[in-house]
$ cat entry38.pdb   # PDB, C-alpha atoms, pLDDT in the B column
ATOM      1  CA  MET X   1     -42.974  -9.030   9.880  1.00 60.00           C
ATOM      2  CA  THR X   2     -44.610  -5.595   9.961  1.00 76.00           C
ATOM      3  CA  GLN X   3     -42.631  -4.598   6.874  1.00 75.00           C
ATOM      4  CA  LEU X   4     -43.939  -7.619   4.992  1.00 74.00           C
ATOM      5  CA  LYS X   5     -47.459  -6.802   6.118  1.00 82.00           C
ATOM      6  CA  ALA X   6     -47.096  -3.179   4.926  1.00 82.00           C
ATOM      7  CA  TYR X   7     -45.646  -4.394   1.596  1.00 83.00           C
ATOM      8  CA  LEU X   8     -48.548  -6.756   0.953  1.00 86.00           C
ATOM      9  CA  LEU X   9     -51.049  -4.099   2.030  1.00 89.00           C
ATOM     10  CA  SER X  10     -49.592  -1.578  -0.443  1.00 88.00           C
ATOM     11  CA  ILE X  11     -49.810  -4.098  -3.298  1.00 88.00           C
ATOM     12  CA  THR X  12     -53.395  -4.944  -2.387  1.00 91.00           C
ATOM     13  CA  ALA X  13     -54.373  -1.267  -2.105  1.00 90.00           C
ATOM     14  CA  SER X  14     -52.802  -0.468  -5.484  1.00 88.00           C
ATOM     15  CA  ALA X  15     -54.624  -3.356  -7.145  1.00 90.00           C
ATOM     16  CA  LEU X  16     -57.960  -2.339  -5.602  1.00 91.00           C
ATOM     17  CA  LEU X  17     -57.470   1.302  -6.625  1.00 89.00           C
ATOM     18  CA  MET X  18     -56.636   0.247 -10.180  1.00 89.00           C
ATOM     19  CA  SER X  19     -59.722  -2.009 -10.323  1.00 89.00           C
ATOM     20  CA  LEU X  20     -61.935   0.799  -9.027  1.00 89.00           C
ATOM     21  CA  VAL X  21     -60.624   3.322 -11.576  1.00 88.00           C
ATOM     22  CA  LEU X  22     -61.040   0.834 -14.444  1.00 87.00           C
ATOM     23  CA  ALA X  23     -64.573   0.000 -13.320  1.00 88.00           C
ATOM     24  CA  LEU X  24     -65.561   3.682 -13.396  1.00 88.00           C
ATOM     25  CA  LEU X  25     -64.083   4.465 -16.817  1.00 86.00           C
ATOM     26  CA  PRO X  26     -66.076   3.798 -20.010  1.00 88.00           C
ATOM     27  CA  LYS X  27     -64.734   1.429 -22.618  1.00 87.00           C
ATOM     28  CA  GLY X  28     -62.374   3.006 -25.118  1.00 87.00           C
ATOM     29  CA  LYS X  29     -58.955   4.618 -25.466  1.00 90.00           C
ATOM     30  CA  LEU X  30     -59.068   6.315 -22.041  1.00 88.00           C
ATOM     31  CA  ARG X  31     -59.728   2.988 -20.299  1.00 87.00           C
ATOM     32  CA  LYS X  32     -56.896   1.272 -22.206  1.00 90.00           C
ATOM     33  CA  THR X  33     -54.505   4.111 -21.298  1.00 91.00           C
ATOM     34  CA  ALA X  34     -55.601   3.981 -17.644  1.00 88.00           C
ATOM     35  CA  SER X  35     -55.151   0.209 -17.670  1.00 89.00           C
ATOM     36  CA  PHE X  36     -51.605   0.566 -19.024  1.00 91.00           C
ATOM     37  CA  VAL X  37     -50.661   3.305 -16.507  1.00 90.00           C
ATOM     38  CA  GLY X  38     -52.283   1.363 -13.662  1.00 88.00           C
ATOM     39  CA  SER X  39     -50.362  -1.775 -14.615  1.00 90.00           C
ATOM     40  CA  LEU X  40     -47.097   0.194 -14.599  1.00 90.00           C
ATOM     41  CA  LEU X  41     -47.916   1.622 -11.167  1.00 88.00           C
ATOM     42  CA  LEU X  42     -48.736  -1.871  -9.871  1.00 89.00           C
ATOM     43  CA  VAL X  43     -45.432  -3.212 -11.202  1.00 90.00           C
ATOM     44  CA  LEU X  44     -43.590  -0.300  -9.531  1.00 88.00           C
ATOM     45  CA  THR X  45     -45.407  -1.025  -6.265  1.00 87.00           C
ATOM     46  CA  VAL X  46     -44.239  -4.632  -6.400  1.00 86.00           C
ATOM     47  CA  VAL X  47     -40.655  -3.947  -7.565  1.00 86.00           C
ATOM     48  CA  ALA X  48     -39.796  -0.740  -5.648  1.00 83.00           C
ATOM     49  CA  PRO X  49     -39.139  -2.404  -2.234  1.00 79.00           C
ATOM     50  CA  VAL X  50     -36.944  -5.017  -3.903  1.00 75.00           C
ATOM     51  CA  ALA X  51     -34.903  -2.269  -5.598  1.00 76.00           C
ATOM     52  CA  ARG X  52     -34.420  -0.553  -2.211  1.00 77.00           C
ATOM     53  CA  LEU X  53     -32.962  -3.650  -0.588  1.00 73.00           C
ATOM     54  CA  ASP X  54     -29.453  -3.177   0.737  1.00 73.00           C
ATOM     55  CA  PRO X  55     -27.414  -6.189  -0.448  1.00 73.00           C
ATOM     56  CA  ALA X  56     -25.086  -5.967   2.558  1.00 72.00           C
ATOM     57  CA  GLN X  57     -28.003  -5.902   4.999  1.00 75.00           C
ATOM     58  CA  LEU X  58     -29.691  -8.768   3.149  1.00 70.00           C
ATOM     59  CA  ALA X  59     -26.480 -10.850   3.311  1.00 70.00           C
ATOM     60  CA  LYS X  60     -26.142 -10.037   7.017  1.00 71.00           C
ATOM     61  CA  SER X  61     -29.740 -11.104   7.687  1.00 77.00           C
ATOM     62  CA  ILE X  62     -29.247 -14.378   5.821  1.00 76.00           C
ATOM     63  CA  ALA X  63     -26.023 -15.071   7.765  1.00 76.00           C
ATOM     64  CA  GLU X  64     -27.775 -14.342  11.077  1.00 78.00           C
ATOM     65  CA  LEU X  65     -30.603 -16.692  10.147  1.00 81.00           C
ATOM     66  CA  ARG X  66     -28.105 -19.448   9.305  1.00 81.00           C
ATOM     67  CA  MET X  67     -26.292 -18.879  12.616  1.00 79.00           C
ATOM     68  CA  GLU X  68     -29.562 -19.111  14.558  1.00 82.00           C
ATOM     69  CA  THR X  69     -30.439 -22.329  12.741  1.00 83.00           C
ATOM     70  CA  GLU X  70     -27.002 -23.807  13.481  1.00 78.00           C
ATOM     71  CA  THR X  71     -27.257 -22.783  17.143  1.00 77.00           C
ATOM     72  CA  ILE X  72     -30.637 -24.465  17.479  1.00 80.00           C
ATOM     73  CA  ARG X  73     -29.397 -27.619  15.708  1.00 77.00           C
ATOM     74  CA  THR X  74     -26.265 -27.779  17.861  1.00 75.00           C
ATOM     75  CA  GLY X  75     -28.305 -27.301  21.019  1.00 74.00           C
ATOM     76  CA  ILE X  76     -30.512 -30.220  20.045  1.00 76.00           C
ATOM     77  CA  GLU X  77     -27.475 -32.398  19.317  1.00 76.00           C
ATOM     78  CA  ILE X  78     -25.933 -31.548  22.696  1.00 74.00           C
ATOM     79  CA  GLY X  79     -29.223 -32.337  24.425  1.00 76.00           C
ATOM     80  CA  ASN X  80     -29.489 -35.653  22.606  1.00 79.00           C
ATOM     81  CA  ARG X  81     -25.890 -36.531  23.516  1.00 80.00           C
ATOM     82  CA  GLU X  82     -26.553 -35.753  27.192  1.00 83.00           C
ATOM     83  CA  ILE X  83     -29.670 -37.926  27.168  1.00 85.00           C
ATOM     84  CA  ALA X  84     -27.757 -40.764  25.496  1.00 85.00           C
ATOM     85  CA  ALA X  85     -24.941 -40.456  28.048  1.00 86.00           C
ATOM     86  CA  ALA X  86     -27.382 -40.606  30.955  1.00 88.00           C
ATOM     87  CA  LEU X  87     -29.078 -43.689  29.496  1.00 89.00           C
ATOM     88  CA  ILE X  88     -25.797 -45.473  28.806  1.00 88.00           C
ATOM     89  CA  LYS X  89     -24.519 -44.724  32.307  1.00 90.00           C
ATOM     90  CA  GLU X  90     -27.756 -45.883  33.919  1.00 91.00           C
ATOM     91  CA  GLN X  91     -27.913 -49.105  31.900  1.00 91.00           C
ATOM     92  CA  CYS X  92     -24.259 -50.003  32.533  1.00 91.00           C
ATOM     93  CA  GLU X  93     -24.644 -49.414  36.260  1.00 92.00           C
ATOM     94  CA  ALA X  94     -27.845 -51.501  36.332  1.00 92.00           C
ATOM     95  CA  TYR X  95     -26.092 -54.283  34.394  1.00 91.00           C
ATOM     96  CA  ILE X  96     -23.222 -54.419  36.910  1.00 93.00           C
ATOM     97  CA  LEU X  97     -25.613 -54.394  39.870  1.00 93.00           C
ATOM     98  CA  ASP X  98     -27.668 -57.218  38.317  1.00 92.00           C
ATOM     99  CA  LYS X  99     -24.558 -59.345  37.738  1.00 91.00           C
ATOM    100  CA  ALA X 100     -23.416 -58.687  41.308  1.00 92.00           C
ATOM    101  CA  ALA X 101     -26.866 -59.481  42.736  1.00 92.00           C
ATOM    102  CA  ALA X 102     -26.869 -62.775  40.811  1.00 92.00           C
ATOM    103  CA  ARG X 103     -23.722 -63.702  42.781  1.00 90.00           C
ATOM    104  CA  GLY X 104     -25.283 -62.496  46.061  1.00 91.00           C
ATOM    105  CA  ILE X 105     -23.105 -59.361  46.199  1.00 89.00           C
ATOM    106  CA  THR X 106     -24.375 -55.935  47.236  1.00 90.00           C
ATOM    107  CA  LEU X 107     -22.585 -53.159  45.331  1.00 91.00           C
ATOM    108  CA  GLU X 108     -22.902 -49.607  44.174  1.00 92.00           C
ATOM    109  CA  ALA X 109     -21.437 -48.680  40.791  1.00 93.00           C
ATOM    110  CA  GLU X 110     -20.511 -45.352  39.262  1.00 93.00           C
ATOM    111  CA  ILE X 111     -19.713 -45.439  35.537  1.00 93.00           C
ATOM    112  CA  ARG X 112     -17.407 -42.895  33.862  1.00 92.00           C
ATOM    113  CA  LEU X 113     -18.107 -42.150  30.203  1.00 90.00           C
ATOM    114  CA  SER X 114     -15.929 -40.851  27.401  1.00 83.00           C
ATOM    115  CA  GLY X 115     -16.182 -37.161  26.637  1.00 71.00           C
ATOM    116  CA  GLU X 116     -14.966 -37.545  23.073  1.00 67.00           C
ATOM    117  CA  GLY X 117     -16.616 -38.618  19.854  1.00 65.00           C
ATOM    118  CA  GLN X 118     -20.202 -38.538  18.776  1.00 68.00           C
ATOM    119  CA  TYR X 119     -21.440 -41.293  21.087  1.00 76.00           C
ATOM    120  CA  PRO X 120     -20.457 -41.681  24.745  1.00 83.00           C
ATOM    121  CA  TYR X 121     -19.175 -45.049  25.911  1.00 85.00           C
ATOM    122  CA  PRO X 122     -18.043 -46.404  29.298  1.00 89.00           C
ATOM    123  CA  THR X 123     -14.345 -45.894  30.034  1.00 89.00           C
ATOM    124  CA  GLY X 124     -14.164 -46.598  33.761  1.00 92.00           C
ATOM    125  CA  VAL X 125     -16.088 -47.603  36.834  1.00 94.00           C
ATOM    126  CA  THR X 126     -15.843 -47.128  40.588  1.00 93.00           C
ATOM    127  CA  LEU X 127     -17.384 -49.937  42.623  1.00 93.00           C
ATOM    128  CA  TYR X 128     -18.359 -49.505  46.280  1.00 93.00           C
ATOM    129  CA  GLY X 129     -18.992 -52.333  48.715  1.00 89.00           C
ATOM    130  CA  GLN X 130     -17.494 -55.003  50.990  1.00 90.00           C
ATOM    131  CA  VAL X 131     -16.533 -57.723  48.512  1.00 88.00           C
ATOM    132  CA  SER X 132     -14.193 -60.693  48.803  1.00 89.00           C
ATOM    133  CA  GLN X 133     -11.191 -60.940  46.486  1.00 90.00           C
ATOM    134  CA  SER X 134     -12.682 -63.841  44.506  1.00 91.00           C
ATOM    135  CA  ASP X 135     -15.957 -61.941  43.977  1.00 91.00           C
ATOM    136  CA  ARG X 136     -13.971 -58.860  42.919  1.00 90.00           C
ATOM    137  CA  GLU X 137     -12.144 -60.933  40.327  1.00 92.00           C
ATOM    138  CA  ALA X 138     -15.397 -62.415  39.016  1.00 92.00           C
ATOM    139  CA  ILE X 139     -17.166 -59.021  38.767  1.00 92.00           C
ATOM    140  CA  SER X 140     -14.064 -57.416  37.206  1.00 92.00           C
ATOM    141  CA  ALA X 141     -13.973 -60.145  34.556  1.00 92.00           C
ATOM    142  CA  ILE X 142     -17.655 -59.598  33.750  1.00 91.00           C
ATOM    143  CA  ILE X 143     -17.166 -55.813  33.489  1.00 91.00           C
ATOM    144  CA  ALA X 144     -14.085 -56.196  31.291  1.00 90.00           C
ATOM    145  CA  GLY X 145     -15.651 -58.838  29.054  1.00 89.00           C
ATOM    146  CA  ASP X 146     -19.188 -57.502  28.707  1.00 88.00           C
ATOM    147  CA  LEU X 147     -18.756 -53.714  28.975  1.00 87.00           C
ATOM    148  CA  GLY X 148     -15.210 -53.404  27.628  1.00 88.00           C
ATOM    149  CA  ILE X 149     -13.921 -51.547  30.679  1.00 89.00           C
ATOM    150  CA  PRO X 150     -10.355 -52.776  31.312  1.00 90.00           C
ATOM    151  CA  ARG X 151      -9.387 -53.909  34.816  1.00 90.00           C
ATOM    152  CA  GLU X 152      -7.003 -50.922  35.119  1.00 92.00           C
ATOM    153  CA  SER X 153     -10.020 -48.597  34.810  1.00 91.00           C
ATOM    154  CA  GLN X 154     -11.985 -50.384  37.524  1.00 92.00           C
ATOM    155  CA  GLU X 155     -11.609 -48.953  41.014  1.00 92.00           C
ATOM    156  CA  TRP X 156     -12.829 -50.645  44.178  1.00 91.00           C
ATOM    157  CA  SER X 157     -13.709 -48.770  47.354  1.00 88.00           C
ATOM    158  CA  THR X 158     -15.374 -49.569  50.642  1.00 81.00           C
ATOM    159  CA  ARG X 159     -16.451 -45.923  51.167  1.00 70.00           C
TER
END
$ encode --input "entry38.pdb" --output "structure tokens"
Amino acid sequence: MTQLKAYLLSITASALLMSLVLALLPKGKLRKTASFVGSLLLVLTVVAPVARLDPAQLAKSIAELRMETETIRTGIEIGNREIAAALIKEQCEAYILDKAAARGITLEAEIRLSGEGQYPYPTGVTLYGQVSQSDREAISAIIAGDLGIPRESQEWSTR
């Protein structure tokens, strides 16, 4: 940033100096010659830093900027995926607990989510509580039908 500031300052200083010299000179051939020379110096002031650029360093800087951008974008995507996973897990667990409460059953549920793909989805559940076999069957059917978690991926525990 300081290099850009110095570059712009040198262009501004050259333009001001040229304007001052032209303002002091009388009209005529000398002023036209000074105007031409001043214009050449101003063009050199603008172009000289560009001519000194190292193409390899410029390419490296552009690549680093792209890598930083990609890192930031990826970090945001990972954060969004983690937020989505937490919401999906919370909503699935709340859904199971609501269905159990509607049947008068007290449960705790712990959802397992997929680690693959762009969007997480429930792949298994561990259910904790003292539940009769008929209530287990009913809750398992609801979980399999509504959340798509097969009965083989449903574990029951009394803790």
$ axis_aligned_box --input "entry38.pdb" --around "segment 127-132 of chain X" --padding-each-side "4 Å" --output "AutoDock Vina command-line options"
--center_x -16.6 --center_y -55.1 --center_z 46.8 --size_x 12.8 --size_y 19.2 --size_z 16.4
$ residues_around --input "entry38.pdb" --residues "Thr158 of chain X" --least-positions-apart "4" --cutoff "12 Å" --atoms "all atoms listed in the file" --output "PyMOL selection string"
chain X and resi 106-109+126-132
$ atom_distance --input "entry38.pdb" --atom1 "atom CA of Leu147 of chain X" --atom2 "atom CA of Ala86 of chain X"
15.8 Å
$ residues_around --input "entry38.pdb" --residues "Ser10 of chain X" --least-positions-apart "2" --cutoff "12 Å" --atoms "all atoms listed in the file" --output "MDAnalysis selection string"
chainID X and resid 3:8 12:17 41:49
$ atom_distance --input "entry38.pdb" --atom1 "atom CA of Ser134 of chain X" --atom2 "atom CA of Leu97 of chain X"
16.7 Å
$ residues_around --input "entry38.pdb" --residues "segment 118-123 of chain X" --least-positions-apart "4" --cutoff "10 Å" --atoms "only C-alpha atoms" --output "JSON, numbers by chain"
{"X": [77, 78, 80, 81, 82, 84, 85, 86, 88, 89, 92, 111, 112, 113, 114, 147, 148, 149, 150, 153, 154]}
$ write_last_selection --input "entry38.pdb" --atoms "C-alpha atoms" --output "mmCIF file, in the frame of the given file"
data_model
loop_
_atom_site.group_PDB
_atom_site.id
_atom_site.type_symbol
_atom_site.label_atom_id
_atom_site.label_comp_id
_atom_site.auth_asym_id
_atom_site.auth_seq_id
_atom_site.Cartn_x
_atom_site.Cartn_y
_atom_site.Cartn_z
ATOM 1 C CA GLU X 77 -27.475 -32.398 19.317
ATOM 2 C CA ILE X 78 -25.933 -31.548 22.696
ATOM 3 C CA ASN X 80 -29.489 -35.653 22.606
ATOM 4 C CA ARG X 81 -25.890 -36.531 23.516
ATOM 5 C CA GLU X 82 -26.553 -35.753 27.192
ATOM 6 C CA ALA X 84 -27.757 -40.764 25.496
ATOM 7 C CA ALA X 85 -24.941 -40.456 28.048
ATOM 8 C CA ALA X 86 -27.382 -40.606 30.955
ATOM 9 C CA ILE X 88 -25.797 -45.473 28.806
ATOM 10 C CA LYS X 89 -24.519 -44.724 32.307
ATOM 11 C CA CYS X 92 -24.259 -50.003 32.533
ATOM 12 C CA ILE X 111 -19.713 -45.439 35.537
ATOM 13 C CA ARG X 112 -17.407 -42.895 33.862
ATOM 14 C CA LEU X 113 -18.107 -42.150 30.203
ATOM 15 C CA SER X 114 -15.929 -40.851 27.401
ATOM 16 C CA LEU X 147 -18.756 -53.714 28.975
ATOM 17 C CA GLY X 148 -15.210 -53.404 27.628
ATOM 18 C CA ILE X 149 -13.921 -51.547 30.679
ATOM 19 C CA PRO X 150 -10.355 -52.776 31.312
ATOM 20 C CA SER X 153 -10.020 -48.597 34.810
ATOM 21 C CA GLN X 154 -11.985 -50.384 37.524
#
$ atom_distance --input "entry38.pdb" --atom1 "atom CA of Ser140 of chain X" --atom2 "atom CA of Gln91 of chain X"
17.0 Å
$ closest_residue --input "entry38.pdb" --among "X:Leu9, X:Ala141, X:Met18, X:Ile96" --to "Leu40 of chain X" --atoms "all atoms listed in the file"
X:Met18
$ closest_residue --input "entry38.pdb" --among "X:Glu64, X:Ala144, X:Ser35, X:Gln133" --to "Trp156 of chain X" --atoms "all atoms listed in the file"
X:Gln133
